[in-house]
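Asks: Okay, so here is data-v8.cif, and as you'll see once you scroll down, it has mmCIF, C-alpha atoms.
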data_structure
#
loop_
_atom_site.label_atom_id
_atom_site.label_comp_id
_atom_site.auth_asym_id
_atom_site.auth_seq_id
_atom_site.Cartn_x
_atom_site.Cartn_y
_atom_site.Cartn_z
CA MET A 202 -57.74 103.21 -57.21
CA GLN A 203 -54.61 104.55 -58.91
CA LEU A 204 -51.72 102.09 -58.88
CA TYR A 205 -48.17 103.28 -58.39
CA THR A 206 -46.25 102.14 -61.47
CA ARG A 207 -42.68 101.79 -62.68
CA SER A 208 -42.16 101.66 -66.45
CA ALA A 209 -39.29 101.38 -68.93
CA GLY A 210 -38.83 101.12 -72.69
CA THR A 211 -41.11 101.86 -75.63
CA GLY A 212 -43.24 99.94 -78.10
CA LEU A 213 -45.43 96.91 -77.38
CA PRO A 214 -46.92 97.35 -73.87
CA VAL A 215 -46.17 94.45 -71.51
CA VAL A 216 -47.72 94.61 -68.03
CA LEU A 217 -46.02 92.46 -65.38
CA LEU A 218 -47.79 91.87 -62.06
CA HIS A 219 -45.73 91.01 -58.99
CA ALA A 220 -45.76 88.06 -56.60
CA PHE A 221 -47.07 87.93 -53.03
CA PRO A 222 -45.99 89.52 -50.74
CA LEU A 223 -43.58 91.64 -52.82
CA SER A 224 -43.98 94.75 -55.00
CA SER A 225 -43.01 95.93 -58.46
CA ALA A 226 -39.47 96.29 -57.11
CA MET A 227 -39.07 92.57 -57.91
CA TRP A 228 -39.19 93.37 -61.66
CA LEU A 229 -36.03 95.54 -61.68
CA ALA A 230 -34.11 93.13 -63.93
CA GLN A 231 -37.09 92.88 -66.28
CA ARG A 232 -37.41 96.67 -66.61
CA GLU A 233 -33.72 96.83 -67.40
CA GLY A 234 -33.46 93.73 -69.58
CA LEU A 235 -36.69 93.97 -71.59
CA ALA A 236 -36.79 97.73 -72.23
CA LYS A 237 -35.15 97.32 -75.65
CA ALA A 238 -37.85 94.85 -76.74
CA CYS A 239 -41.04 96.40 -75.35
CA ARG A 240 -42.61 98.91 -73.00
CA VAL A 241 -42.44 97.25 -69.58
CA ILE A 242 -45.14 98.41 -67.14
CA THR A 243 -44.88 97.11 -63.57
CA PRO A 244 -47.56 98.36 -61.14
CA ASP A 245 -47.67 97.85 -57.40
CA LEU A 246 -50.88 95.90 -56.81
CA ARG A 247 -53.22 97.52 -54.31
CA GLY A 248 -51.81 97.78 -50.81
CA PHE A 249 -48.24 96.93 -51.84
CA GLY A 250 -45.35 99.26 -52.57
CA GLY A 251 -46.66 102.72 -53.40
CA SER A 252 -50.31 101.75 -54.00
CA ARG A 253 -53.07 102.32 -51.46
CA LEU A 254 -55.17 99.41 -50.19
CA GLY A 255 -58.55 101.11 -49.99
CA ASP A 256 -61.63 99.87 -48.14
CA ASP A 257 -62.97 97.26 -50.59
CA GLU A 258 -63.51 93.61 -49.75
CA PRO A 259 -60.66 91.28 -50.82
CA SER A 260 -61.02 90.35 -54.48
CA LEU A 261 -58.73 89.35 -57.33
CA ASP A 262 -61.38 90.68 -59.72
CA LEU A 263 -60.95 94.09 -58.11
CA MET A 264 -57.19 93.86 -58.59
CA ALA A 265 -57.74 92.97 -62.25
CA ASP A 266 -60.04 95.98 -62.68
CA ASP A 267 -57.31 98.16 -61.14
CA VAL A 268 -55.02 97.00 -63.96
CA ALA A 269 -57.67 97.80 -66.58
CA ARG A 270 -57.94 101.32 -65.20
CA LEU A 271 -54.16 101.60 -65.33
CA LEU A 272 -54.29 100.80 -69.05
CA ASP A 273 -56.98 103.47 -69.45
CA ASP A 274 -54.77 106.02 -67.67
CA GLU A 275 -51.81 105.10 -69.87
CA GLY A 276 -53.91 105.35 -73.05
CA ILE A 277 -53.36 101.66 -73.85
CA GLU A 278 -56.11 99.75 -75.64
CA ARG A 279 -54.54 96.27 -75.50
CA ALA A 280 -51.42 94.87 -73.86
CA VAL A 281 -49.54 91.70 -73.14
CA VAL A 282 -50.49 90.97 -69.53
CA GLY A 283 -48.54 88.66 -67.29
CA GLY A 284 -47.79 87.93 -63.69
CA LEU A 285 -45.82 85.73 -61.34
CA SER A 286 -47.51 83.78 -58.54
CA MET A 287 -50.24 86.11 -57.17
CA GLY A 288 -49.65 88.26 -60.25
CA GLY A 289 -50.59 85.23 -62.33
CA TYR A 290 -53.88 84.89 -60.46
CA VAL A 291 -54.62 88.55 -61.17
CA THR A 292 -53.67 88.01 -64.82
CA MET A 293 -56.18 85.16 -65.14
CA ALA A 294 -58.86 87.32 -63.50
CA PHE A 295 -57.97 90.05 -66.02
CA CYS A 296 -58.38 87.59 -68.90
CA ARG A 297 -61.79 86.61 -67.52
CA ARG A 298 -63.02 90.19 -67.06
CA HIS A 299 -61.24 92.07 -69.86
CA PRO A 300 -60.48 89.54 -72.63
CA ASP A 301 -60.70 92.18 -75.36
CA ARG A 302 -57.76 94.06 -73.86
CA VAL A 303 -55.26 91.19 -73.95
CA LEU A 304 -52.72 90.78 -76.76
CA GLY A 305 -50.90 87.91 -75.11
CA VAL A 306 -50.62 86.25 -71.69
CA ILE A 307 -47.60 85.36 -69.54
CA LEU A 308 -48.14 83.12 -66.50
CA ALA A 309 -45.08 82.52 -64.34
CA ASP A 310 -44.81 80.24 -61.31
CA THR A 311 -48.55 80.20 -60.74
CA LYS A 312 -51.44 77.74 -61.05
CA ALA A 313 -54.91 77.73 -62.58
CA GLY A 314 -56.61 75.57 -59.97
CA ALA A 315 -58.49 76.94 -56.97
CA ASP A 316 -57.14 76.48 -53.45
CA PRO A 317 -58.25 73.26 -51.74
CA PRO A 318 -59.77 73.81 -48.28
CA PRO A 319 -56.52 73.22 -46.31
CA ALA A 320 -54.72 75.84 -48.40
CA ARG A 321 -57.55 78.33 -47.87
CA ASP A 322 -57.43 77.70 -44.13
CA ASN A 323 -53.67 78.24 -44.11
CA ARG A 324 -54.04 81.56 -45.93
CA GLU A 325 -56.50 82.74 -43.29
CA ARG A 326 -54.17 81.60 -40.50
CA ILE A 327 -51.29 83.60 -42.00
CA ALA A 328 -53.55 86.62 -42.57
CA GLN A 329 -54.53 86.65 -38.91
CA ALA A 330 -50.95 86.06 -37.73
CA VAL A 331 -49.64 88.98 -39.78
CA LEU A 332 -52.35 91.32 -38.52
CA SER A 333 -51.64 90.40 -34.90
CA ASP A 334 -47.88 89.87 -34.88
CA GLY A 335 -46.39 91.51 -37.99
CA SER A 336 -44.15 90.03 -40.67
CA GLU A 337 -42.43 87.33 -38.61
CA VAL A 338 -44.71 84.58 -39.95
CA LEU A 339 -43.87 85.68 -43.50
CA VAL A 340 -40.13 85.39 -42.85
CA SER A 341 -40.42 82.05 -41.07
CA GLU A 342 -43.07 80.34 -43.25
CA VAL A 343 -43.53 82.14 -46.59
CA LEU A 344 -40.01 83.31 -47.46
CA PRO A 345 -38.27 79.88 -47.45
CA ALA A 346 -40.59 78.52 -50.16
CA LEU A 347 -40.19 81.57 -52.42
CA ILE A 348 -36.56 80.84 -53.26
CA GLY A 349 -35.12 77.67 -54.75
CA PRO A 350 -32.26 75.74 -53.13
CA THR A 351 -29.74 76.81 -55.78
CA THR A 352 -30.39 80.48 -55.03
CA ARG A 353 -30.28 79.90 -51.28
CA GLU A 354 -26.93 78.15 -51.59
CA ARG A 355 -25.22 80.32 -54.22
CA ARG A 356 -26.87 83.74 -54.38
CA ALA A 357 -27.09 85.13 -50.86
CA MET A 358 -27.62 88.69 -52.12
CA VAL A 359 -30.73 87.65 -54.04
CA PHE A 360 -32.11 85.88 -50.99
CA GLY A 361 -31.37 88.97 -48.85
CA ARG A 362 -33.13 91.25 -51.33
CA VAL A 363 -36.24 89.08 -51.36
CA LYS A 364 -36.23 88.90 -47.55
CA GLY A 365 -36.16 92.70 -47.39
CA LEU A 366 -39.14 92.95 -49.73
CA VAL A 367 -41.07 90.38 -47.70
CA GLN A 368 -40.36 92.21 -44.44
CA SER A 369 -41.54 95.52 -45.87
CA ALA A 370 -44.96 94.19 -46.95
CA PRO A 371 -47.75 96.06 -45.11
CA PRO A 372 -49.70 93.67 -42.82
CA GLY A 373 -53.08 94.96 -44.00
CA ALA A 374 -52.20 94.31 -47.65
CA VAL A 375 -50.81 90.87 -46.82
CA ALA A 376 -54.01 89.79 -45.08
CA TRP A 377 -56.21 91.33 -47.81
CA ALA A 378 -54.28 89.57 -50.58
CA GLN A 379 -54.30 86.22 -48.78
CA ARG A 380 -58.08 86.39 -48.48
CA ALA A 381 -58.45 87.46 -52.12
CA MET A 382 -56.30 84.54 -53.29
CA ALA A 383 -58.18 82.06 -51.07
CA ALA A 384 -61.46 83.00 -52.75
CA ARG A 385 -60.24 82.70 -56.35
CA PRO A 386 -62.06 80.32 -58.71
CA ASP A 387 -60.62 77.60 -60.91
CA SER A 388 -59.31 79.29 -64.08
CA PHE A 389 -58.83 76.41 -66.53
CA ASP A 390 -62.00 77.45 -68.41
CA THR A 391 -60.54 80.95 -68.68
CA LEU A 392 -57.35 79.57 -70.20
CA SER A 393 -59.15 77.30 -72.65
CA ALA A 394 -61.14 80.34 -73.85
CA LEU A 395 -58.01 82.40 -74.63
CA LYS A 396 -57.80 83.67 -78.20
CA VAL A 397 -54.25 85.01 -77.81
CA PRO A 398 -50.79 83.43 -77.36
CA LEU A 399 -49.87 82.08 -73.92
CA LEU A 400 -46.40 81.70 -72.40
CA VAL A 401 -46.10 79.67 -69.21
CA VAL A 402 -42.82 80.02 -67.29
CA VAL A 403 -41.81 78.03 -64.23
CA GLY A 404 -38.70 77.57 -62.14
CA GLU A 405 -37.34 74.04 -62.26
CA GLU A 406 -37.10 74.08 -58.44
CA ASP A 407 -40.48 75.73 -57.76
CA GLU A 408 -42.17 73.83 -54.93
CA LEU A 409 -45.20 76.14 -54.53
CA SER A 410 -46.29 76.00 -58.18
CA PRO A 411 -44.29 73.07 -59.56
CA PRO A 412 -43.62 72.36 -63.25
CA ALA A 413 -46.57 69.92 -63.35
CA ASP A 414 -48.94 72.86 -62.69
CA ALA A 415 -47.23 74.85 -65.44
CA GLU A 416 -47.56 71.97 -67.90
CA ALA A 417 -51.28 71.68 -67.14
CA MET A 418 -51.79 75.38 -67.90
CA ALA A 419 -49.82 75.20 -71.15
CA ARG A 420 -51.86 72.19 -72.27
CA ALA A 421 -55.11 74.08 -71.66
CA VAL A 422 -54.38 76.36 -74.64
CA PRO A 423 -53.89 75.04 -78.21
CA ASP A 424 -50.64 76.96 -78.76
CA GLY A 425 -49.45 77.29 -75.19
CA ARG A 426 -45.67 77.65 -74.87
CA LEU A 427 -43.87 76.28 -71.78
CA GLU A 428 -40.44 77.42 -70.57
CA ILE A 429 -38.80 75.78 -67.56
CA ILE A 430 -36.08 77.94 -65.97
CA PRO A 431 -33.16 75.86 -64.63
CA LYS A 432 -31.82 76.50 -61.12
CA ALA A 433 -34.76 78.72 -60.16
CA GLY A 434 -37.47 78.33 -57.55
CA HIS A 435 -40.78 80.16 -57.19
CA LEU A 436 -39.37 83.61 -58.00
CA SER A 437 -37.85 82.60 -61.33
CA ALA A 438 -37.77 86.19 -62.64
CA VAL A 439 -35.68 87.29 -59.65
CA GLU A 440 -33.51 84.18 -59.30
CA GLN A 441 -32.59 83.71 -62.98
CA PRO A 442 -33.49 87.03 -64.64
CA GLU A 443 -31.43 86.49 -67.79
CA ALA A 444 -33.15 83.19 -68.61
CA PHE A 445 -36.55 84.64 -67.70
CA ASN A 446 -36.01 87.70 -69.91
CA THR A 447 -34.86 85.51 -72.80
CA ALA A 448 -38.08 83.49 -72.57
CA ILE A 449 -40.18 86.67 -72.62
CA THR A 450 -38.22 88.21 -75.51
CA GLU A 451 -38.53 85.06 -77.60
CA PHE A 452 -42.26 84.88 -76.92
CA LEU A 453 -42.75 88.50 -77.99
CA ARG A 454 -40.57 88.03 -81.08
CA THR A 455 -42.17 84.82 -82.35
CA ASP A 456 -45.69 84.45 -80.95
CA LEU A 457 -46.59 88.15 -81.05
CA ALA A 458 -44.67 89.21 -84.16
CA THR A 459 -47.89 89.53 -86.16
CA PRO A 460 -50.58 91.52 -84.28
CA ARG A 461 -53.91 89.70 -84.20
CA PRO A 462 -57.16 91.50 -85.05
#
For the file at hand, write its structure as structure tokens.
Replies:
Amino acid sequence: MQLYTRSAGTGLPVVLLHAFPLSSAMWLAQREGLAKACRVITPDLRGFGGSRLGDDEPSLDLMADDVARLLDDEGIERAVVGGLSMGGYVTMAFCRRHPDRVLGVILADTKAGADPPPARDNRERIAQAVLSDGSEVLVSEVLPALIGPTTRERRAMVFGRVKGLVQSAPPGAVAWAQRAMAARPDSFDTLSALKVPLLVVVGEEDELSPPADAEAMARAVPDGRLEIIPKAGHLSAVEQPEAFNTAITEFLRTDLATPRP
């Protein structure tokens, strides 16, 4: 599986994995804003954007292995790996399966706990609805929770852009990803085993993965750093890109200034 990828900048490789049900298009402001500080690599996860879905069973581990192959293709031994929401789940799976390839970890607007049964059931309901009726359920049920109230009230263009990305998500990829996320394990043991710096970022107004979840992840690592982005909801990197980019740049400058063996 070869992932379609957008990249910018040079130097320290930083892989950013997108949220559900978007694509690497969501990282536009990060490719532009972080290119002076690092090499930003933003793949479309399988089935989204320009990447094929394939015939494999739904699995976050498979998505993590796709990212490892991407690093192979790019000639990268180790990278900072991070993701937002679903991208965070894939990042934790990557840390579990490829710990020797991680220089640092960024987890944004995501959570380390597994889905409780009602959440798993809801993912399956949405998967089936998308396969039978298209993206309407995403617009009516998923989209409203992706964006914080400040963005909805003051940044109509941002909301419109996110809506367009949601509507363009292929139904097959949406259902596949929902089932992969529903089956994910608890990842707190993975975090506590990290031997590299961790940055946890969360939007102050995030209702899907609230700041309490972010605080729990940061506490799971001895030197975990937590950044709360004001006036941002679940898509903090899209809603407040300047603040998000500042948090990433500071993390790279301070926590990763001295490469670890």
Asks: Give me the result of the PyMOL selection byres ((chain A and resi 427-429) around 8) on this file, residue by residue, as a ChimeraX atom specification.
Replies: /A:400-405,412,415-416,419,425-426,430-431,448
Asks: I need the chosen residues saved as a short mmCIF file (atom, residue, chain, number, x, y, z; two decimals), in the coordinates of the input, with C-alpha atoms.
Replies:
data_model
loop_
_atom_site.label_atom_id
_atom_site.label_comp_id
_atom_site.auth_asym_id
_atom_site.auth_seq_id
_atom_site.Cartn_x
_atom_site.Cartn_y
_atom_site.Cartn_z
CA LEU A 400 -46.40 81.70 -72.40
CA VAL A 401 -46.10 79.67 -69.21
CA VAL A 402 -42.82 80.02 -67.29
CA VAL A 403 -41.81 78.03 -64.23
CA GLY A 404 -38.70 77.57 -62.14
CA GLU A 405 -37.34 74.04 -62.26
CA PRO A 412 -43.62 72.36 -63.25
CA ALA A 415 -47.23 74.85 -65.44
CA GLU A 416 -47.56 71.97 -67.90
CA ALA A 419 -49.82 75.20 -71.15
CA GLY A 425 -49.45 77.29 -75.19
CA ARG A 426 -45.67 77.65 -74.87
CA ILE A 430 -36.08 77.94 -65.97
CA PRO A 431 -33.16 75.86 -64.63
CA ALA A 448 -38.08 83.49 -72.57
#
Asks: Can you give me, as a PyMOL selection string, the residues this file yields under the PyMOL selection byres ((chain A and resi 292) around 12)?
Replies: chain A and resi 215-220+246+261-269+280-291+293-300+302-303+305-309+311-313+385+388+391-392+399
Asks: Of the residues A:Ala330, A:Ile242, A:Met227, A:Val375, which is the one nearest to Glu275 (chain A), using all atoms listed in the file?
Replies: A:Ile242
Asks: CA of Gly335 (chain A) to CA of Gly365 (chain A): how many Å, to one decimal?
Replies: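 Separation between CA of Gly335 (chain A) and CA of Gly365 (chain A): 13.9 Å.
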Asks: Have a look at CA of Gly361 (chain A) and CA of Ala346 (chain A) and let me know their distance in Å, one decimal.
Replies: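 About the pair CA of Gly361 (chain A) and CA of Ala346 (chain A): they are 14.0 Å apart.
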Asks: Using Å and a single decimal, report how far CA of His435 (chain A) sits from CA of Ala421 (chain A).
Replies: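 According to the coordinates, CA of Ala421 (chain A) and CA of His435 (chain A) are separated by 21.3 Å.
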Asks: Using all atoms listed in the file, which of the listed residues (A:Val340, A:Val397, A:Leu223, A:Ala230) sits closest to Asp456 (chain A)?
Replies: A:Val397
Asks: Determine the nearest neighbour of Gly255 (chain A) from the options A:Ala238, A:Leu453, A:Leu204, A:Ala444, counting all atoms listed in the file.
Replies: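 Smallest distance to Gly255 (chain A) is found for A:Leu204.
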Asks: Determine the nearest neighbour of Asp301 (chain A) from the options A:Met418, A:Ala374, A:Val338, A:Ala394, counting only C-alpha atoms.
Replies: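 Smallest distance to Asp301 (chain A) is found for A:Ala394.
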Asks: Leaving out Thr206 (chain A) and any residue of its chain fewer than 5 positions from it, which residues lie within 9 Å of it when counting only C-alpha atoms, given as a PyMOL selection string?
Replies: chain A and resi 225+242-245+251-252+271
Asks: Return as a ChimeraX atom specification the set of residues that the PyMOL selection byres ((chain A and resi 351) around 10) yields on the displayed structure.
Replies: /A:348-350,352-356,406,431-434,440
Asks: Restricting the calculation to only C-alpha atoms, which member of A:Leu235, A:Leu254, A:Leu213, A:Ser260 is positioned closest to Leu457 (chain A)?
Replies: A:Leu213
Asks: Nearest to Pro222 (chain A) among A:Ser393, A:Gln368, A:Gln441, A:Ser410, with distances taken over only C-alpha atoms: which residue is it?
Replies: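 Counting only C-alpha atoms, the residue closest to Pro222 (chain A) is A:Gln368.
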